[in-house]
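Notes follow once the structure below has been shown.
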Amino acid sequence: MRIAELGGEFALIKRLTGESQDPAVIKGVGDDCAVVEYTQEKYLLITVDMMVEDDHFTLAWHTPFQIGRKLMESNVSDILAMGGSPSWAFLSLSLKTDTTVEFMEELYRGLYDSAARHEVSLIGGDTTHGCEMTLSLTVIGEVEKSMLRLRSDAVPGDFICVTGTLGKSEAGLRLLKRGVRDGYVQGHLEPHCRTREEAMAIARHAHAMIDVSDGLGSEVRHICEESGTGAQIDWERIPISIDTLQMAQLLQEESQEYALYGGEDFELVFTIPPENIAMLKEEFSDFTVVGEILPKPEGLHRLKEGNMVAMRGGYDHFAS
């Protein structure tokens, strides 16, 4: 049976993995990071993310600086989505034999540029060779135990919120695939995740958190699966930038589809009690309420022009 026939990437993960029996493991598979006992006041957070040439990036339009920067930003985003702060990173590389020193110097310049932004130290890794370039980054961070935010913490009645705007990475990717290099493509080539200060402000008031790696639809589905809830997303409330909207109109597509089923925006999705909204806005205001967590029997759907439509998942590496 092929992985696509099983149900894709996340179905495979569920089939192959189970709950850890180690009492030091607070959370293993099923969230943005693994959570492990560390000190009396803090947990250790561990995440790993991989980028493969011609899947996550292509040398046809990515510079090595952009590749390195994106790799770090995507991993740091996972730490922030748990309410934590990133600290250390380990990079493993599989390089083609014709890779130049100059290329790698630029890739590392991108890594270090992002690492400096987030106060992360790159302290180890491994290097080998292969038929295509593959980059794997592990980031380790810390979180105050009282600040840990899991996907499983959402409760019915919570508002669903998202930071910034969505769909910009997908819009850029679609333009690049059509040969456009100088238009609105930076959202895909150089995504920025949120800062630790912004994530911690959200964590002080939110229940559940997750970052937008595979699209809003996929991330809300993950929250619902882990929390045992349903959800409703209001199509008209999804925050879309003017540039993303204009690009979608140019391509005769719907920008909300980019937001729901694209990915790599690395914004934060969180659920929050309605009574906490005003307090959060005093610390951080760049977010939009886009829906509500519902009891599980009510299902997962989006509301568009008064009609409820079942929500499908976002990007999946093995989906047919």
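Identifiers for the structure tokens are assigned positionally: chains receive A, B, ... in sequence, residues are indexed from 1 per chain, and ligands are indexed from 1 in the order shown.
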Per-residue nearest contacts segment 124-226 of chain A to segment 62-72 of chain A, cut-off 12 Å, using only C-alpha atoms, as a tab-separated table:
```
residue	atom	partner	partner_atom	distance
A:Met133	CA	A:Ile67	CA	11.1
A:Thr134	CA	A:Leu71	CA	11.0
A:Leu135	CA	A:Leu71	CA	8.0
A:Ser136	CA	A:Leu71	CA	8.2
A:Leu137	CA	A:Leu71	CA	7.1
A:Thr138	CA	A:Met72	CA	9.2
A:Val139	CA	A:Met72	CA	8.5
A:Ile140	CA	A:Met72	CA	11.8
A:Ser169	CA	A:Lys70	CA	11.7
A:Gly172	CA	A:His62	CA	12.0
A:Leu173	CA	A:His62	CA	11.0
A:Leu176	CA	A:His62	CA	10.2
A:Arg181	CA	A:His62	CA	10.2
A:Val185	CA	A:His62	CA	10.6
A:Gln186	CA	A:Gln66	CA	9.8
A:Gly187	CA	A:Lys70	CA	10.7
A:His188	CA	A:Lys70	CA	9.2
A:Leu189	CA	A:Gln66	CA	6.3
A:Glu190	CA	A:Gln66	CA	6.0
A:Pro191	CA	A:Lys70	CA	6.5
A:His192	CA	A:Lys70	CA	7.9
A:Cys193	CA	A:Lys70	CA	9.3
A:Ser213	CA	A:Lys70	CA	11.9
```
Could those residues be written to a file, using C-alpha atoms, as a PDB file, in the first residue's frame?
```pdb
ATOM      1  CA  MET A 133      20.319  18.651  -1.445  1.00  0.00           C
ATOM      2  CA  THR A 134      18.579  17.896   1.854  1.00  0.00           C
ATOM      3  CA  LEU A 135      18.751  20.140   4.918  1.00  0.00           C
ATOM      4  CA  SER A 136      17.572  19.083   8.377  1.00  0.00           C
ATOM      5  CA  LEU A 137      17.569  21.524  11.273  1.00  0.00           C
ATOM      6  CA  THR A 138      16.892  20.652  14.906  1.00  0.00           C
ATOM      7  CA  VAL A 139      16.082  23.534  17.261  1.00  0.00           C
ATOM      8  CA  ILE A 140      15.946  23.236  21.041  1.00  0.00           C
ATOM      9  CA  SER A 169       3.501  32.373   0.591  1.00  0.00           C
ATOM     10  CA  GLY A 172       4.191  33.981  -4.264  1.00  0.00           C
ATOM     11  CA  LEU A 173       4.668  30.305  -5.124  1.00  0.00           C
ATOM     12  CA  LEU A 176       6.936  31.880  -9.382  1.00  0.00           C
ATOM     13  CA  ARG A 181      10.283  36.678 -10.590  1.00  0.00           C
ATOM     14  CA  VAL A 185       6.974  36.710  -4.384  1.00  0.00           C
ATOM     15  CA  GLN A 186       8.853  37.607  -1.191  1.00  0.00           C
ATOM     16  CA  GLY A 187       6.179  36.019   1.021  1.00  0.00           C
ATOM     17  CA  HIS A 188       7.280  32.667  -0.365  1.00  0.00           C
ATOM     18  CA  LEU A 189      10.998  33.306  -0.771  1.00  0.00           C
ATOM     19  CA  GLU A 190      11.612  35.073   2.542  1.00  0.00           C
ATOM     20  CA  PRO A 191       8.904  34.217   5.107  1.00  0.00           C
ATOM     21  CA  HIS A 192       9.255  35.695   8.594  1.00  0.00           C
ATOM     22  CA  CYS A 193       7.917  33.930  11.656  1.00  0.00           C
ATOM     23  CA  SER A 213       3.025  25.461   8.084  1.00  0.00           C
TER      24      SER A 213
END
```
*Residues within 8 Å of segment 113-120 of chain A, only C-alpha atoms, excluding chain neighbours under 5 positions, as an MDAnalysis selection string*: chainID A and resid 69 72:73 76 86:89 195:196
*asked:* Which residue is closest to Glu257 of chain A? Choose from A:Leu59, A:Met51, A:Leu148, A:Ile238 and count only C-alpha atoms.
replied: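 Checking each candidate against Glu257 of chain A, we get A:Ile238 as the closest.
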*Quote the spacing between atom CA of Val36 of chain A and atom CA of Met200 of chain A in Å to one decimal place.*
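Straight-line distance from atom CA of Val36 of chain A to atom CA of Met200 of chain A works out to 19.0 Å.
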_Can you pull out the residues contacting segment 246-252 of chain A? Cut-off 10 Å, using only C-alpha atoms, and skip same-chain residues under 5 positions away; I want them as JSON, numbers by chain._
{"A": [167, 168, 170, 171, 172, 174, 175, 178, 183, 184, 185, 240, 241, 257, 258]}
*What's the 8 Å shell around Lys296 of chain A, counting only C-alpha atoms, without same-chain residues fewer than 4 positions away, as a PyMOL selection string?*
chain A and resi 224+228-231
So that I have them on file, write out the residues from the current selection with N, CA and C atoms, as an mmCIF file, in the first residue's frame.
```cif
data_model
loop_
_atom_site.group_PDB
_atom_site.id
_atom_site.type_symbol
_atom_site.label_atom_id
_atom_site.label_comp_id
_atom_site.auth_asym_id
_atom_site.auth_seq_id
_atom_site.Cartn_x
_atom_site.Cartn_y
_atom_site.Cartn_z
ATOM 1 N N CYS A 224 -8.256 20.581 16.446
ATOM 2 C CA CYS A 224 -9.503 19.857 16.742
ATOM 3 C C CYS A 224 -9.240 18.387 17.044
ATOM 4 N N GLY A 228 -10.117 17.178 20.665
ATOM 5 C CA GLY A 228 -11.402 16.497 20.669
ATOM 6 C C GLY A 228 -12.562 17.462 20.488
ATOM 7 N N THR A 229 -12.418 18.408 19.559
ATOM 8 C CA THR A 229 -13.421 19.438 19.333
ATOM 9 C C THR A 229 -13.766 19.542 17.858
ATOM 10 N N GLY A 230 -14.718 20.409 17.556
ATOM 11 C CA GLY A 230 -15.002 20.835 16.200
ATOM 12 C C GLY A 230 -14.620 22.292 16.056
ATOM 13 N N ALA A 231 -14.895 22.867 14.882
ATOM 14 C CA ALA A 231 -14.563 24.278 14.677
ATOM 15 C C ALA A 231 -15.306 24.823 13.475
#
```
*asked:* From the options A:Ile202, A:Ser218, A:Val52, A:Lys42, which residue's atoms come nearest to Ser146 of chain A, counting only C-alpha atoms?
replied: A:Lys42
*Would you kindly return, as a list in words, each protein, DNA or RNA residue with an atom no farther than 9 Å from any atom of segment 204-209 of chain A, considering only C-alpha atoms and excluding same-chain residues fewer than 5 positions away?*
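Everything that qualifies: Leu80, Ala81, Met82, Gly83, Ser146, Met147, Arg149, Leu150, Arg151, Ser152, Asp153, Ala154, Val155, Asp158, Ala199, Ile223, Ser227, Leu268, Val269, Phe270, Thr271, Ile272, Pro273, Asn276, Ile277, Met279 and Leu280 of chain A.
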Once you have the residues from the selection above, write them out as a PDB file, in the first residue's frame, restricted to N, CA and C atoms.
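So out24.pdb came out as:
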```pdb
ATOM      1  N   LEU A  80       8.051  28.803  18.983  1.00  0.00           N
ATOM      2  CA  LEU A  80       7.178  29.904  19.397  1.00  0.00           C
ATOM      3  C   LEU A  80       5.738  29.437  19.547  1.00  0.00           C
ATOM      4  N   ALA A  81       5.331  28.495  18.708  1.00  0.00           N
ATOM      5  CA  ALA A  81       3.955  27.999  18.756  1.00  0.00           C
ATOM      6  C   ALA A  81       3.645  27.225  20.029  1.00  0.00           C
ATOM      7  N   MET A  82       4.673  26.874  20.790  1.00  0.00           N
ATOM      8  CA  MET A  82       4.474  26.205  22.077  1.00  0.00           C
ATOM      9  C   MET A  82       4.545  27.184  23.244  1.00  0.00           C
ATOM     10  N   GLY A  83       4.708  28.484  22.937  1.00  0.00           N
ATOM     11  CA  GLY A  83       4.878  29.481  23.984  1.00  0.00           C
ATOM     12  C   GLY A  83       6.297  29.591  24.482  1.00  0.00           C
ATOM     13  N   SER A 146       4.202  27.060  33.110  1.00  0.00           N
ATOM     14  CA  SER A 146       2.876  27.681  33.113  1.00  0.00           C
ATOM     15  C   SER A 146       2.511  28.281  31.758  1.00  0.00           C
ATOM     16  N   MET A 147       3.512  28.438  30.876  1.00  0.00           N
ATOM     17  CA  MET A 147       3.278  29.067  29.571  1.00  0.00           C
ATOM     18  C   MET A 147       3.147  28.061  28.435  1.00  0.00           C
ATOM     19  N   ARG A 149       1.825  25.856  25.698  1.00  0.00           N
ATOM     20  CA  ARG A 149       0.553  25.833  24.988  1.00  0.00           C
ATOM     21  C   ARG A 149       0.565  24.686  23.981  1.00  0.00           C
ATOM     22  N   LEU A 150      -0.368  23.754  24.171  1.00  0.00           N
ATOM     23  CA  LEU A 150      -0.471  22.569  23.329  1.00  0.00           C
ATOM     24  C   LEU A 150      -1.666  22.686  22.391  1.00  0.00           C
ATOM     25  N   ARG A 151      -1.623  21.930  21.301  1.00  0.00           N
ATOM     26  CA  ARG A 151      -2.779  21.858  20.407  1.00  0.00           C
ATOM     27  C   ARG A 151      -4.005  21.296  21.123  1.00  0.00           C
ATOM     28  N   SER A 152      -3.778  20.514  22.128  1.00  0.00           N
ATOM     29  CA  SER A 152      -4.865  19.821  22.821  1.00  0.00           C
ATOM     30  C   SER A 152      -5.579  20.671  23.855  1.00  0.00           C
ATOM     31  N   ASP A 153      -5.205  21.941  23.989  1.00  0.00           N
ATOM     32  CA  ASP A 153      -5.773  22.776  25.056  1.00  0.00           C
ATOM     33  C   ASP A 153      -6.995  23.592  24.640  1.00  0.00           C
ATOM     34  N   ALA A 154      -7.447  23.469  23.394  1.00  0.00           N
ATOM     35  CA  ALA A 154      -8.615  24.234  22.947  1.00  0.00           C
ATOM     36  C   ALA A 154      -9.889  23.695  23.584  1.00  0.00           C
ATOM     37  N   VAL A 155     -10.839  24.581  23.865  1.00  0.00           N
ATOM     38  CA  VAL A 155     -12.126  24.181  24.440  1.00  0.00           C
ATOM     39  C   VAL A 155     -13.252  24.872  23.678  1.00  0.00           C
ATOM     40  N   ASP A 158     -13.987  28.853  22.688  1.00  0.00           N
ATOM     41  CA  ASP A 158     -12.810  29.655  22.355  1.00  0.00           C
ATOM     42  C   ASP A 158     -12.988  30.305  20.988  1.00  0.00           C
ATOM     43  N   ALA A 199       4.948  35.886  20.590  1.00  0.00           N
ATOM     44  CA  ALA A 199       4.407  34.576  20.927  1.00  0.00           C
ATOM     45  C   ALA A 199       4.121  34.455  22.419  1.00  0.00           C
ATOM     46  N   ILE A 223      -5.615  21.096  15.665  1.00  0.00           N
ATOM     47  CA  ILE A 223      -6.094  21.519  16.986  1.00  0.00           C
ATOM     48  C   ILE A 223      -7.333  20.721  17.374  1.00  0.00           C
ATOM     49  N   SER A 227      -7.605  18.216  20.499  1.00  0.00           N
ATOM     50  CA  SER A 227      -8.460  18.721  21.576  1.00  0.00           C
ATOM     51  C   SER A 227      -9.788  17.985  21.685  1.00  0.00           C
ATOM     52  N   LEU A 268       0.909  32.524  13.508  1.00  0.00           N
ATOM     53  CA  LEU A 268       0.439  31.714  14.622  1.00  0.00           C
ATOM     54  C   LEU A 268      -1.084  31.671  14.639  1.00  0.00           C
ATOM     55  N   VAL A 269      -1.625  30.474  14.796  1.00  0.00           N
ATOM     56  CA  VAL A 269      -3.054  30.277  15.033  1.00  0.00           C
ATOM     57  C   VAL A 269      -3.214  29.939  16.506  1.00  0.00           C
ATOM     58  N   PHE A 270      -4.176  30.568  17.153  1.00  0.00           N
ATOM     59  CA  PHE A 270      -4.390  30.274  18.566  1.00  0.00           C
ATOM     60  C   PHE A 270      -5.865  30.354  18.914  1.00  0.00           C
ATOM     61  N   THR A 271      -6.238  29.636  19.968  1.00  0.00           N
ATOM     62  CA  THR A 271      -7.608  29.710  20.476  1.00  0.00           C
ATOM     63  C   THR A 271      -7.566  30.413  21.826  1.00  0.00           C
ATOM     64  N   ILE A 272      -8.575  31.231  22.071  1.00  0.00           N
ATOM     65  CA  ILE A 272      -8.535  32.101  23.242  1.00  0.00           C
ATOM     66  C   ILE A 272      -9.945  32.328  23.766  1.00  0.00           C
ATOM     67  N   PRO A 273     -10.139  32.323  25.095  1.00  0.00           N
ATOM     68  CA  PRO A 273     -11.456  32.644  25.638  1.00  0.00           C
ATOM     69  C   PRO A 273     -11.851  34.060  25.220  1.00  0.00           C
ATOM     70  N   ASN A 276     -10.665  37.104  27.121  1.00  0.00           N
ATOM     71  CA  ASN A 276      -9.234  37.448  27.160  1.00  0.00           C
ATOM     72  C   ASN A 276      -8.782  38.303  25.980  1.00  0.00           C
ATOM     73  N   ILE A 277      -9.673  38.502  25.016  1.00  0.00           N
ATOM     74  CA  ILE A 277      -9.293  39.244  23.813  1.00  0.00           C
ATOM     75  C   ILE A 277      -8.808  40.650  24.147  1.00  0.00           C
ATOM     76  N   MET A 279      -7.571  41.904  26.895  1.00  0.00           N
ATOM     77  CA  MET A 279      -6.297  41.907  27.603  1.00  0.00           C
ATOM     78  C   MET A 279      -5.137  41.639  26.650  1.00  0.00           C
ATOM     79  N   LEU A 280      -5.324  40.712  25.697  1.00  0.00           N
ATOM     80  CA  LEU A 280      -4.272  40.435  24.731  1.00  0.00           C
ATOM     81  C   LEU A 280      -3.998  41.666  23.871  1.00  0.00           C
TER      82      LEU A 280
END
```
_Residue nearest Val309 of chain A - candidates A:Leu45, A:Ser94, A:Asp234, A:Glu105, atoms counted: only C-alpha atoms_ = A:Asp234
